[in-house]
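*Asks:* Sharing final-v8.txt (compact mmCIF, C-alpha atoms and all ligand atoms) below.
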# COMPACT_ATOMS: atom_id res chain seq x y z
CA MET A 1 0.00 0.00 0.00
CA GLU A 2 2.79 2.39 0.98
CA LYS A 3 4.54 2.11 -2.39
CA LYS A 4 1.79 4.06 -4.11
CA LEU A 5 1.90 6.99 -1.69
CA SER A 6 4.06 10.00 -2.45
CA ILE A 7 7.23 10.73 -0.54
CA GLY A 8 5.73 13.47 1.65
CA THR A 9 2.99 11.16 2.94
CA LEU A 10 5.55 8.44 3.63
CA CYS A 11 7.71 10.93 5.60
CA VAL A 12 4.80 11.63 7.93
CA GLN A 13 3.12 8.24 8.23
CA ALA A 14 5.22 5.29 7.03
CA GLY A 15 6.36 2.73 9.58
CA TYR A 16 3.79 3.46 12.25
CA ASP A 17 0.08 2.73 12.00
CA PRO A 18 -1.49 3.02 15.47
CA LYS A 19 -4.45 0.84 16.32
CA ASN A 20 -7.61 1.92 18.12
CA GLY A 21 -6.73 4.00 21.18
CA GLU A 22 -2.95 3.87 20.67
CA SER A 23 -0.73 6.96 20.77
CA ARG A 24 -0.83 9.05 17.57
CA GLN A 25 2.92 9.72 17.77
CA MET A 26 5.09 6.63 17.85
CA PRO A 27 5.99 5.60 21.41
CA ILE A 28 9.55 5.48 22.72
CA ILE A 29 10.09 1.99 24.06
CA GLN A 30 12.98 2.90 26.36
CA SER A 31 13.58 -0.61 27.62
CA THR A 32 16.58 -2.90 27.35
CA THR A 33 14.55 -6.08 27.49
CA PHE A 34 11.10 -7.65 27.07
CA LYS A 35 9.10 -10.03 29.21
CA TYR A 36 7.98 -13.54 28.19
CA GLU A 37 5.57 -15.96 29.86
CA ASP A 38 7.43 -19.15 29.11
CA SER A 39 10.93 -20.16 28.23
CA ASP A 40 10.02 -21.86 24.92
CA ALA A 41 8.68 -18.58 23.55
CA MET A 42 12.01 -16.96 24.41
CA ALA A 43 13.97 -19.87 22.91
CA ARG A 44 12.15 -19.52 19.58
CA LEU A 45 13.21 -15.88 19.42
CA PHE A 46 16.83 -16.79 20.07
CA ASP A 47 16.67 -19.43 17.33
CA LEU A 48 15.27 -16.79 14.92
CA GLU A 49 12.20 -19.08 14.63
CA ASP A 50 9.78 -16.37 15.79
CA ASN A 51 9.84 -12.65 15.23
CA GLY A 52 9.84 -10.59 18.40
CA TYR A 53 11.83 -8.55 20.84
CA PHE A 54 14.16 -9.79 23.51
CA TYR A 55 17.06 -7.38 23.85
CA THR A 56 17.39 -3.84 22.48
CA ARG A 57 20.92 -4.41 21.16
CA LEU A 58 19.29 -6.69 18.56
CA GLN A 59 15.90 -5.11 18.02
CA ASN A 60 13.66 -2.49 19.58
CA PRO A 61 10.09 -1.54 18.56
CA THR A 62 10.84 2.20 18.26
CA ASN A 63 13.94 1.56 16.16
CA ASP A 64 12.04 -0.88 13.96
CA LYS A 65 9.28 1.65 13.23
CA VAL A 66 11.78 4.33 12.27
CA ALA A 67 13.78 1.85 10.17
CA ALA A 68 10.55 0.86 8.39
CA ARG A 69 9.88 4.54 7.65
CA ILE A 70 13.35 4.92 6.10
CA ALA A 71 12.91 1.68 4.11
CA ALA A 72 9.61 3.01 2.74
CA LEU A 73 11.21 6.34 1.80
CA GLU A 74 14.03 4.64 -0.10
CA GLY A 75 11.68 2.07 -1.67
CA GLY A 76 13.63 -0.76 -0.02
CA ILE A 77 12.35 -3.97 1.56
CA ALA A 78 14.09 -3.66 4.95
CA ALA A 79 16.30 -1.31 6.95
CA MET A 80 18.19 -1.22 10.22
CA LEU A 81 19.34 1.67 12.37
CA THR A 82 22.88 2.02 13.68
CA SER A 83 24.49 4.29 16.26
CA SER A 84 26.17 6.47 13.58
CA GLY A 85 26.73 6.83 9.87
CA GLN A 86 30.20 5.37 10.37
CA ALA A 87 28.68 2.22 11.88
CA ALA A 88 26.21 2.01 8.97
CA ASN A 89 28.96 2.07 6.36
CA PHE A 90 31.10 -0.35 8.35
CA TYR A 91 28.26 -2.88 8.73
CA ALA A 92 27.11 -2.43 5.14
CA CYS A 93 30.56 -3.50 3.90
CA PHE A 94 31.57 -5.97 6.59
CA ASN A 95 28.27 -7.87 6.19
CA ILE A 96 29.58 -9.19 2.85
CA CYS A 97 33.38 -8.86 3.19
CA GLU A 98 35.93 -10.63 5.29
CA CYS A 99 39.70 -10.91 5.62
CA GLY A 100 41.18 -11.49 2.15
CA ASP A 101 38.41 -9.64 0.29
CA HIS A 102 38.56 -6.46 -1.78
CA ILE A 103 36.40 -3.35 -2.25
CA VAL A 104 36.32 -0.81 -5.09
CA SER A 105 35.27 2.68 -3.98
CA ALA A 106 35.00 6.16 -5.40
CA THR A 107 37.72 8.49 -4.07
CA SER A 108 35.33 11.45 -3.60
CA ILE A 109 33.71 10.27 -0.40
CA TYR A 110 33.35 11.53 3.16
CA GLY A 111 36.72 11.62 4.97
CA GLY A 112 35.47 9.32 7.73
CA THR A 113 34.44 6.69 5.19
CA PHE A 114 37.73 7.12 3.32
CA ASN A 115 39.56 6.29 6.57
CA LEU A 116 37.17 3.44 7.42
CA LEU A 117 37.82 1.76 4.07
CA GLY A 118 41.44 2.76 3.55
CA THR A 119 42.76 2.34 7.10
CA SER A 120 40.56 0.33 9.47
CA LEU A 121 39.18 -2.25 7.02
CA ARG A 122 42.70 -2.65 5.64
CA LYS A 123 43.85 -3.57 9.16
CA MET A 124 41.15 -6.27 9.13
CA GLY A 125 42.63 -7.69 5.91
CA ILE A 126 40.17 -6.10 3.48
CA GLU A 127 41.87 -4.24 0.63
CA VAL A 128 40.36 -1.23 -1.11
CA THR A 129 41.09 0.35 -4.48
CA PHE A 130 39.97 3.97 -4.80
CA ILE A 131 38.95 5.11 -8.27
CA ASP A 132 37.98 8.43 -9.85
CA GLN A 133 34.18 8.22 -10.17
CA ASN A 134 34.29 10.18 -13.41
CA ALA A 135 36.68 7.71 -15.07
CA SER A 136 35.38 5.54 -17.92
CA GLU A 137 33.63 2.22 -17.31
CA GLU A 138 36.71 0.42 -18.66
CA GLU A 139 39.08 2.23 -16.29
CA ILE A 140 36.85 1.57 -13.26
CA SER A 141 36.33 -2.06 -14.31
CA ALA A 142 40.10 -2.54 -14.37
CA ALA A 143 40.17 -2.07 -10.58
CA PHE A 144 38.05 -5.20 -10.00
CA ARG A 145 39.60 -8.48 -8.85
CA PRO A 146 38.14 -11.97 -8.41
CA ASN A 147 37.85 -11.27 -4.65
CA THR A 148 36.08 -7.89 -5.06
CA LYS A 149 32.84 -7.96 -3.05
CA LEU A 150 31.25 -4.55 -3.58
CA LEU A 151 31.40 -1.16 -5.28
CA PHE A 152 30.93 1.94 -3.11
CA GLY A 153 30.12 5.62 -3.79
CA GLU A 154 28.16 8.64 -2.51
CA THR A 155 25.23 10.09 -4.46
CA LEU A 156 26.54 13.55 -3.55
CA SER A 157 30.04 13.56 -2.11
CA ASN A 158 30.82 15.27 1.20
CA PRO A 159 32.30 17.93 1.02
CA GLY A 160 32.82 18.33 -2.73
CA VAL A 161 29.12 17.82 -3.71
CA SER A 162 30.12 15.84 -6.83
CA VAL A 163 27.16 13.99 -8.36
CA LEU A 164 27.70 10.26 -8.87
CA ASP A 165 26.58 8.63 -12.13
CA ILE A 166 24.65 5.92 -10.28
CA GLU A 167 23.49 4.06 -13.41
CA LYS A 168 27.08 3.78 -14.64
CA PHE A 169 28.23 2.51 -11.24
CA ALA A 170 25.36 -0.03 -11.11
CA ARG A 171 26.27 -1.32 -14.59
CA ILE A 172 29.91 -1.75 -13.57
CA ALA A 173 29.08 -3.44 -10.24
CA HIS A 174 26.59 -5.86 -11.80
CA SER A 175 28.87 -6.74 -14.69
CA HIS A 176 31.32 -7.96 -12.02
CA GLY A 177 28.63 -9.77 -10.01
CA VAL A 178 28.82 -7.49 -6.95
CA PRO A 179 26.30 -5.13 -5.32
CA LEU A 180 26.48 -1.35 -5.52
CA ILE A 181 26.38 0.32 -2.09
CA ILE A 182 25.48 4.01 -2.12
CA ASP A 183 25.77 6.48 0.75
CA ASN A 184 22.71 8.67 0.13
CA THR A 185 23.18 11.00 3.13
CA PHE A 186 23.24 14.40 1.39
CA PRO A 187 20.29 14.13 -1.03
CA THR A 188 18.13 11.95 1.26
CA PRO A 189 15.42 9.82 -0.42
CA VAL A 190 13.38 13.00 -0.88
CA ASN A 191 15.77 14.17 -3.61
CA CYS A 192 17.16 10.85 -4.91
CA ARG A 193 16.27 7.19 -4.47
CA PRO A 194 19.35 5.27 -5.67
CA PHE A 195 17.43 1.96 -5.92
CA GLU A 196 15.50 3.46 -8.86
CA TRP A 197 18.85 3.78 -10.67
CA GLY A 198 20.13 0.28 -9.91
CA ALA A 199 21.85 0.57 -6.51
CA ASP A 200 21.43 -2.49 -4.27
CA ILE A 201 22.13 -1.21 -0.75
CA VAL A 202 21.82 2.36 0.57
CA THR A 203 23.41 3.80 3.70
CA HIS A 204 22.80 7.02 5.63
CA SER A 205 24.32 9.20 8.26
CA THR A 206 20.93 10.11 9.76
CA THR A 207 22.85 12.70 11.79
CA LYS A 208 22.47 15.08 8.84
CA TYR A 209 19.24 16.10 7.08
CA MET A 210 17.17 13.13 8.23
CA ASP A 211 17.44 14.26 11.84
CA GLY A 212 17.83 17.81 10.61
CA HIS A 213 18.04 19.58 13.96
CA GLY A 214 21.49 18.63 15.18
CA VAL A 215 20.22 16.56 18.11
CA GLN A 216 21.41 13.01 17.52
CA VAL A 217 24.15 10.99 15.83
CA GLY A 218 22.80 7.97 13.93
CA GLY A 219 22.90 5.85 10.81
CA ALA A 220 20.81 3.51 8.69
CA ILE A 221 21.27 0.71 6.15
CA VAL A 222 18.53 -0.07 3.62
CA ASP A 223 18.35 -3.13 1.36
CA SER A 224 16.55 -3.02 -1.99
CA GLY A 225 16.21 -6.81 -1.92
CA ASN A 226 17.31 -6.84 -5.55
CA PHE A 227 20.78 -8.38 -5.38
CA ASP A 228 20.74 -12.13 -6.06
CA TRP A 229 23.26 -13.41 -3.49
CA GLU A 230 22.51 -17.04 -4.34
CA ALA A 231 23.61 -16.43 -7.93
CA TYR A 232 27.09 -15.75 -6.49
CA ALA A 233 26.89 -18.15 -3.54
CA ASP A 234 30.64 -18.88 -3.59
CA LYS A 235 31.41 -15.20 -3.31
CA TYR A 236 29.09 -14.55 -0.36
CA PRO A 237 29.49 -17.55 1.95
CA GLY A 238 28.37 -15.48 4.96
CA LEU A 239 24.91 -15.17 3.42
CA CYS A 240 24.69 -18.36 1.39
CA SER A 241 26.24 -21.03 3.64
CA PRO A 242 25.35 -22.13 7.20
CA ASP A 243 26.10 -19.74 10.09
CA GLU A 244 27.47 -21.99 12.81
CA SER A 245 26.94 -19.24 15.38
CA TYR A 246 23.19 -19.56 14.63
CA HIS A 247 22.64 -23.32 14.65
CA GLY A 248 23.60 -23.64 11.01
CA ILE A 249 21.02 -21.21 9.58
CA THR A 250 21.67 -20.19 5.96
CA TYR A 251 20.40 -16.62 5.72
CA THR A 252 19.41 -16.67 2.05
CA LYS A 253 17.55 -19.99 2.45
CA LYS A 254 15.71 -19.05 5.62
CA PHE A 255 15.04 -15.35 5.03
CA GLY A 256 15.05 -14.97 1.24
CA LYS A 257 15.16 -11.32 0.28
CA LEU A 258 15.55 -10.30 3.93
CA ALA A 259 18.84 -12.23 4.22
CA TYR A 260 21.20 -9.24 4.14
CA ILE A 261 19.50 -7.10 6.83
CA THR A 262 18.73 -10.17 8.97
CA LYS A 263 22.39 -11.19 8.96
CA ALA A 264 23.55 -7.63 9.70
CA THR A 265 21.17 -7.51 12.67
CA SER A 266 21.52 -11.00 14.10
CA GLN A 267 25.27 -11.31 13.54
CA LEU A 268 26.99 -7.90 13.25
CA MET A 269 24.76 -6.05 15.71
CA ARG A 270 24.95 -9.01 18.07
CA ASP A 271 28.76 -8.99 17.94
CA PHE A 272 29.66 -5.29 17.48
CA GLY A 273 26.66 -3.70 19.19
CA SER A 274 26.46 -0.25 17.55
CA ILE A 275 22.76 0.13 18.23
CA GLN A 276 20.93 3.44 18.06
CA SER A 277 19.20 4.31 21.33
CA PRO A 278 15.38 4.27 21.14
CA GLN A 279 15.37 7.91 22.30
CA ASN A 280 17.58 8.88 19.36
CA ALA A 281 15.45 6.79 17.00
CA PHE A 282 12.42 8.73 18.21
CA TYR A 283 14.11 12.07 17.43
CA LEU A 284 15.04 10.69 14.03
CA GLY A 285 11.43 9.66 13.42
CA LEU A 286 10.32 13.21 14.25
CA GLY A 287 12.93 14.67 11.91
CA LEU A 288 11.76 12.42 9.07
CA GLN A 289 8.22 13.75 9.39
CA SER A 290 9.26 17.16 8.02
CA LEU A 291 12.10 15.98 5.76
CA HIS A 292 10.24 16.64 2.47
CA VAL A 293 9.33 20.18 3.57
CA ARG A 294 12.84 20.95 4.83
CA MET A 295 14.75 19.55 1.83
CA ALA A 296 12.76 21.71 -0.56
CA ARG A 297 13.63 24.82 1.48
CA HIS A 298 17.31 23.86 1.86
CA CYS A 299 17.57 23.53 -1.94
CA GLU A 300 15.62 26.69 -2.73
CA SER A 301 17.74 28.81 -0.38
CA ALA A 302 21.01 27.17 -1.44
CA LEU A 303 20.34 27.94 -5.10
CA LYS A 304 19.58 31.59 -4.27
CA ILE A 305 22.79 31.85 -2.26
CA ALA A 306 24.87 30.05 -4.91
CA GLN A 307 23.53 32.44 -7.57
CA PHE A 308 24.32 35.42 -5.33
CA LEU A 309 27.88 34.16 -4.80
CA GLU A 310 28.38 33.44 -8.49
CA ALA A 311 27.40 37.02 -9.36
CA ASN A 312 29.65 38.57 -6.68
CA GLU A 313 32.95 39.98 -7.96
CA GLU A 314 34.84 39.04 -4.79
CA VAL A 315 33.99 35.34 -5.25
CA ALA A 316 36.61 33.35 -7.19
CA TRP A 317 34.51 30.21 -7.80
CA VAL A 318 31.36 28.40 -6.66
CA ASN A 319 30.67 24.66 -6.81
CA TYR A 320 26.99 23.75 -6.47
CA PRO A 321 25.55 21.14 -8.85
CA ASP A 322 22.23 22.95 -9.23
CA LEU A 323 24.01 25.90 -10.90
CA GLU A 324 23.98 25.75 -14.68
CA SER A 325 27.72 26.51 -14.63
CA SER A 326 28.48 23.34 -12.65
CA ALA A 327 30.36 20.52 -14.38
CA ASP A 328 27.88 18.16 -12.69
CA HIS A 329 24.75 20.06 -13.71
CA GLU A 330 23.64 17.48 -16.28
CA LYS A 331 23.93 14.68 -13.71
CA GLN A 332 22.09 16.85 -11.15
CA GLN A 333 19.23 17.33 -13.63
CA LYS A 334 19.05 13.58 -14.18
CA TYR A 335 19.46 12.20 -10.65
CA LEU A 336 18.38 15.16 -8.47
CA PRO A 337 15.85 17.10 -10.55
CA ASN A 338 14.16 18.65 -7.51
CA GLY A 339 17.47 19.97 -6.18
CA SER A 340 20.58 18.35 -4.71
CA CYS A 341 20.94 19.53 -1.09
CA GLY A 342 21.91 22.63 0.90
CA VAL A 343 25.68 22.15 0.81
CA MET A 344 28.03 23.99 -1.56
CA CYS A 345 31.68 25.01 -1.76
CA PHE A 346 33.19 28.31 -2.85
CA GLY A 347 36.38 30.33 -2.74
CA LEU A 348 36.92 34.06 -2.21
CA LYS A 349 39.50 36.12 -4.06
CA GLY A 350 42.39 36.43 -1.62
CA GLY A 351 42.54 32.73 -0.70
CA ARG A 352 43.22 31.34 2.75
CA GLU A 353 43.62 34.68 4.62
CA ARG A 354 40.53 36.21 3.04
CA ALA A 355 38.50 33.12 3.99
CA LYS A 356 39.50 33.58 7.63
CA LYS A 357 38.60 37.26 7.66
CA PHE A 358 35.30 36.52 5.94
CA MET A 359 34.33 33.92 8.52
CA ALA A 360 35.29 36.19 11.41
CA ASN A 361 32.80 38.77 10.15
CA LEU A 362 29.77 36.50 9.80
CA ASN A 363 26.99 36.97 12.35
CA LEU A 364 24.15 34.57 11.52
CA VAL A 365 26.32 31.89 9.96
CA THR A 366 28.24 29.86 12.51
CA ILE A 367 31.54 27.99 12.30
CA GLU A 368 30.91 24.27 12.84
CA THR A 369 32.29 20.93 11.73
CA HIS A 370 28.72 19.74 11.20
CA VAL A 371 26.74 20.10 7.97
CA ALA A 372 23.26 19.51 6.68
CA ASP A 373 20.89 20.62 9.38
CA CYS A 374 18.64 23.59 10.18
CA TYR A 375 21.52 25.94 11.13
CA THR A 376 23.53 27.58 8.36
CA CYS A 377 27.15 26.77 9.04
CA ILE A 378 30.53 27.15 7.48
CA LEU A 379 33.83 25.30 7.57
CA HIS A 380 37.19 26.29 6.13
CA PRO A 381 39.17 23.03 5.89
CA ALA A 382 42.53 24.85 5.54
CA SER A 383 41.91 26.58 8.91
CA HIS A 384 39.98 23.75 10.61
CA THR A 385 39.90 20.06 9.66
CA HIS A 386 43.05 20.18 7.47
CA ARG A 387 44.93 22.95 9.33
CA GLN A 388 48.20 21.04 9.74
CA MET A 389 48.65 20.87 5.97
CA SER A 390 50.67 23.15 3.72
CA ASP A 391 49.09 24.54 0.54
CA GLU A 392 50.89 21.80 -1.42
CA GLN A 393 49.56 19.04 0.83
CA LEU A 394 46.08 20.52 0.61
CA ALA A 395 46.25 20.40 -3.18
CA GLU A 396 47.16 16.70 -3.00
CA ALA A 397 44.12 16.08 -0.79
CA GLY A 398 41.96 17.84 -3.36
CA VAL A 399 41.16 20.73 -1.02
CA SER A 400 42.18 24.16 -2.26
CA PRO A 401 43.42 26.57 0.46
CA ASP A 402 40.53 28.94 -0.25
CA LEU A 403 37.80 26.23 -0.20
CA ILE A 404 34.90 27.16 2.06
CA ARG A 405 32.22 24.54 2.73
CA PHE A 406 28.87 26.23 3.20
CA SER A 407 25.79 24.42 4.49
CA VAL A 408 22.57 26.34 4.01
CA GLY A 409 20.10 25.88 6.87
CA LEU A 410 16.49 26.89 7.23
CA GLU A 411 16.92 30.57 8.13
CA ASP A 412 15.49 33.12 5.70
CA ALA A 413 17.63 33.18 2.54
CA ASN A 414 17.59 36.98 2.29
CA ASP A 415 18.91 37.33 5.84
CA LEU A 416 21.68 34.87 5.02
CA ILE A 417 22.58 36.69 1.80
CA ALA A 418 22.74 39.99 3.71
CA ASP A 419 25.08 38.42 6.27
CA ILE A 420 27.31 36.94 3.56
CA ALA A 421 27.36 40.26 1.66
CA GLN A 422 28.43 42.31 4.66
CA ALA A 423 31.12 39.76 5.63
CA ILE A 424 32.52 39.80 2.08
CA GLU A 425 32.72 43.64 2.26
CA ALA A 426 34.27 43.59 5.73
CA SER A 427 36.92 41.08 4.67
CA LYS A 428 38.25 43.23 1.79
C1 LIG A 501 28.64 12.53 8.26
C2 LIG A 501 28.73 11.51 7.20
C3 LIG A 501 29.04 10.17 7.50
C4 LIG A 501 29.37 9.72 8.90
O1 LIG A 501 28.24 9.77 9.70
P1 LIG A 501 28.27 9.97 11.30
O2 LIG A 501 26.82 9.95 11.63
O3 LIG A 501 28.98 11.25 11.60
O4 LIG A 501 29.00 8.78 11.85
C5 LIG A 501 29.06 9.25 6.47
N1 LIG A 501 28.80 9.63 5.20
C6 LIG A 501 28.51 10.90 4.87
C7 LIG A 501 28.23 11.26 3.45
C8 LIG A 501 28.46 11.89 5.86
O5 LIG A 501 28.17 13.16 5.53
Rewrite the structure of this file - the entire thing - as structure tokens.
Ligand SMILES: *Cc1c(COP(=O)(O)O)cnc(C)c1O
*Replies:*
Amino acid sequence: MEKKLSIGTLCVQAGYDPKNGESRQMPIIQSTTFKYEDSDAMARLFDLEDNGYFYTRLQNPTNDKVAARIAALEGGIAAMLTSSGQAANFYACFNICECGDHIVSATSIYGGTFNLLGTSLRKMGIEVTFIDQNASEEEISAAFRPNTKLLFGETLSNPGVSVLDIEKFARIAHSHGVPLIIDNTFPTPVNCRPFEWGADIVTHSTTKYMDGHGVQVGGAIVDSGNFDWEAYADKYPGLCSPDESYHGITYTKKFGKLAYITKATSQLMRDFGSIQSPQNAFYLGLGLQSLHVRMARHCESALKIAQFLEANEEVAWVNYPDLESSADHEKQQKYLPNGSCGVMCFGLKGGRERAKKFMANLNLVTIETHVADCYTCILHPASHTHRQMSDEQLAEAGVSPDLIRFSVGLEDANDLIADIAQAIEASK
């Protein structure tokens, strides 16, 4: 039934359908455990024979409702919540990779994910090859090996806001018999649903727009149910052969299309335990209820601000895919026709020093490491996250010394433009 409803209705209602006399807003089940009348009922839960709740590390009713809402928004068949976006990307990969395996990933991804794949997974014996997402299909294909288990990219990269050609990535992944995993944090399913373009698994840092108010750190993994694990059973033994830690259950045989999320929950969450608290899940559920309204405003204001910056003589360059001048504009029109998100990058004439002066003169816009919520915020990597680096090192990392990351919140766009304009003047 939910599939036919539009995204705005799903934001408000999906995942929770109260019965007669039940609370209109979803309840927070702030409980570690659940009571059972007899021990056999409990045993069936432990054996994954029955569906039910026994311990919040594995499943919680509030979390499940919010996960169901996110699954409906993405058009997936199942989702799970995690304690952070980092945990979501870790589980999404580790659910189908183990020591000796290999991952191909776009280079233009969030720094935390770059480290996760390039440093921490490497320490666990999983190799990664980073590729330029704008390279040809042949060049990207050349990075694949017999032990490659997945292809990874971000719909809109953080911080560069490059638009990924999802259809191209899906073609490449599937021609090598591996799933495409997409981090869809910046556009959210309101602006892009990667499953419609062939992605198999989607991840989120729900800390960003989905929550939208800067109150909780969280993540989510959504499965489209479309990847045929059994067709590559030798490649994915974790899903397609018996799990001795669960009485020899084979996830694909017992759970069919739900195999991937069931394994991630019953095995990875059991063993690594990065659960989202029910209280945080509740805040996330609230955030989702206005996501469609907020995303439209973020995009509308961001385009106005990007156009203002582009027309300003003191601005050296602006990178925002919704601008016609953007190299990614064609891809934005295809994959994100209602707008990309509220994040953009730009540089001021005068480079690093000018950027610092500009930021010091802003009043409404605050300096934060965060992005993508209701507060307009700004970050200058050369002065903040990358401050130990010389200009040469910055260039190698793909961050120009003048690069300013600007995240447009929900304040009035004209007030923001006035603040930016006066700070540009004051920084001359
Ligand atoms: C922030 C972010 C993450 C990490 O999420 P946390 O919730 O901070 O752990 C992953 N991917 C993208 C694209 C992000 O912006």
*Asks:* Report the closest atom pair, with its distance in Å rounded to one decimal, for each residue of segment 172-286 of chain A that has an atom no farther than 9 Å from segment 156-161 of chain A; count all atoms listed in the file, sort by chain and then rising residue number, and write it as JSON lines.
*Replies:*
{"residue": "A:Asp183", "atom": "CA", "partner": "A:Leu156", "partner_atom": "CA", "distance": 8.3}
{"residue": "A:Asn184", "atom": "CA", "partner": "A:Leu156", "partner_atom": "CA", "distance": 7.2}
{"residue": "A:Thr185", "atom": "CA", "partner": "A:Leu156", "partner_atom": "CA", "distance": 7.9}
{"residue": "A:Phe186", "atom": "CA", "partner": "A:Leu156", "partner_atom": "CA", "distance": 6.0}
{"residue": "A:Pro187", "atom": "CA", "partner": "A:Leu156", "partner_atom": "CA", "distance": 6.8}
*Asks:* Which residues are close to His213 of chain A, i.e. within 8 Å by only C-alpha atoms, leaving aside same-chain residues fewer than 4 positions away? Reply as a VMD selection string.
*Replies:* chain A and resid 209 287 373 to 375
*Asks:* Name the residues, by chain letter and number, that sit within 9 Å of ligand LIG 501 (chain A) using only C-alpha atoms and all ligand atoms, and give them as a PyMOL selection string.
*Replies:* chain A and resi 83-89+109-113+154-159+183-186+203-208+216-219+370-372
*Asks:* Quote the spacing between atom CA of Ala296 of chain A and atom CA of Gly214 of chain A in Å to one decimal place.
*Replies:* 18.3 Å
*Asks:* Work out how far apart atom CA of Ser301 of chain A and atom CA of Gly342 of chain A are and give it in Å to one decimal.
*Replies:* 7.6 Å
*Asks:* Kindly provide the residues of segment 63-133 of chain A that approach segment 21-40 of chain A to within 10 Å, each paired with its closest atom pair and their distance in Å to one decimal, based on all atoms listed in the file, listed by chain and increasing number, as a Markdown table.
*Replies:*
| residue | atom | partner | partner_atom | distance |
| --- | --- | --- | --- | --- |
| A:Asn63 | CA | A:Ile29 | CA | 8.8 |
| A:Lys65 | CA | A:Met26 | CA | 8.0 |
| A:Val66 | CA | A:Met26 | CA | 9.0 |
*Asks:* List the spatial neighbours of Ser6 of chain A as a count of residues only - criterion: any atom at most 12 Å away, all atoms listed in the file, same-chain residues fewer than 5 positions off excluded.
*Replies:* 12
*Asks:* Give as a PyMOL selection string every residue, naming chains and numbers as the document does, that has an atom within 9 Å of (18.1, 14.1, -7.2), counting all atoms listed in the file.
*Replies:* chain A and resi 155+187-193+331-341
*Asks:* Next, the residues of the selection above should be written as an mmCIF file, in the coordinates of the input with C-alpha atoms.
*Replies:*
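That gives us part-v2.cif:
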data_model
loop_
_atom_site.group_PDB
_atom_site.id
_atom_site.type_symbol
_atom_site.label_atom_id
_atom_site.label_comp_id
_atom_site.auth_asym_id
_atom_site.auth_seq_id
_atom_site.Cartn_x
_atom_site.Cartn_y
_atom_site.Cartn_z
ATOM 1 C CA THR A 155 25.230 10.090 -4.460
ATOM 2 C CA PRO A 187 20.290 14.130 -1.030
ATOM 3 C CA THR A 188 18.130 11.950 1.260
ATOM 4 C CA PRO A 189 15.420 9.820 -0.420
ATOM 5 C CA VAL A 190 13.380 13.000 -0.880
ATOM 6 C CA ASN A 191 15.770 14.170 -3.610
ATOM 7 C CA CYS A 192 17.160 10.850 -4.910
ATOM 8 C CA ARG A 193 16.270 7.190 -4.470
ATOM 9 C CA LYS A 331 23.930 14.680 -13.710
ATOM 10 C CA GLN A 332 22.090 16.850 -11.150
ATOM 11 C CA GLN A 333 19.230 17.330 -13.630
ATOM 12 C CA LYS A 334 19.050 13.580 -14.180
ATOM 13 C CA TYR A 335 19.460 12.200 -10.650
ATOM 14 C CA LEU A 336 18.380 15.160 -8.470
ATOM 15 C CA PRO A 337 15.850 17.100 -10.550
ATOM 16 C CA ASN A 338 14.160 18.650 -7.510
ATOM 17 C CA GLY A 339 17.470 19.970 -6.180
ATOM 18 C CA SER A 340 20.580 18.350 -4.710
ATOM 19 C CA CYS A 341 20.940 19.530 -1.090
#
*Asks:* Give me the residues within 9 Å of segment 241-255 of chain A as a PyMOL selection string, counting all atoms listed in the file and dropping any in the same chain fewer than 6 places off.
*Replies:* chain A and resi 46-48+229-230+233-234+262-263+266-267
*Asks:* For the selection just defined, write its residues with C-alpha atoms to a file, as a PDB file, keeping the file's coordinate frame.
*Replies:*
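Generated output (result-v5.pdb):
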ATOM      1  CA  PHE A  46      16.830 -16.790  20.070  1.00  0.00           C
ATOM      2  CA  ASP A  47      16.670 -19.430  17.330  1.00  0.00           C
ATOM      3  CA  LEU A  48      15.270 -16.790  14.920  1.00  0.00           C
ATOM      4  CA  TRP A 229      23.260 -13.410  -3.490  1.00  0.00           C
ATOM      5  CA  GLU A 230      22.510 -17.040  -4.340  1.00  0.00           C
ATOM      6  CA  ALA A 233      26.890 -18.150  -3.540  1.00  0.00           C
ATOM      7  CA  ASP A 234      30.640 -18.880  -3.590  1.00  0.00           C
ATOM      8  CA  THR A 262      18.730 -10.170   8.970  1.00  0.00           C
ATOM      9  CA  LYS A 263      22.390 -11.190   8.960  1.00  0.00           C
ATOM     10  CA  SER A 266      21.520 -11.000  14.100  1.00  0.00           C
ATOM     11  CA  GLN A 267      25.270 -11.310  13.540  1.00  0.00           C
TER      12      GLN A 267
END
*Asks:* Quick one: of A:Met269, A:Ala355, A:Ile305, A:Leu151, who's nearest to Val343 of chain A, counting only C-alpha atoms?
*Replies:* A:Ile305
*Asks:* From the options A:Glu392, A:Glu49, A:Asp223, A:Glu324, which residue's atoms come nearest to Ile77 of chain A, counting all atoms listed in the file?
*Replies:*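 Of A:Glu392, A:Glu49, A:Asp223, A:Glu324, the one nearest Ile77 of chain A, counting all atoms listed in the file, is A:Asp223.
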*Asks:* Residues at most 6 Å from Gly347 of chain A, counting only C-alpha atoms, excluding those fewer than 4 positions away in the same chain, as a ChimeraX atom specification?
*Replies:* /A:316-317,402-404
*Asks:* What separation in Å, quoted to one decimal, exists between atom CA of Gly398 of chain A and atom CA of Ser108 of chain A?
*Replies:*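 So the two atoms, atom CA of Gly398 of chain A and atom CA of Ser108 of chain A, lie 9.2 Å apart.
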*Asks:* Restricting the calculation to all atoms listed in the file, which member of A:Gln307, A:Thr129, A:Thr265, A:Asn361 is positioned closest to Pro321 of chain A?
*Replies:*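 Closest to Pro321 of chain A of all the choices is A:Gln307.
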*Asks:* Please provide the set of residues having any atom within 8 Å of Thr376 of chain A, restricted to only C-alpha atoms, with same-chain residues fewer than 3 positions apart removed, written as a list in words.
*Replies:* Leu364, Val365, Thr366, Asp373, Phe406, Ser407, Val408, Gly409, Leu410 and Glu411 of chain A
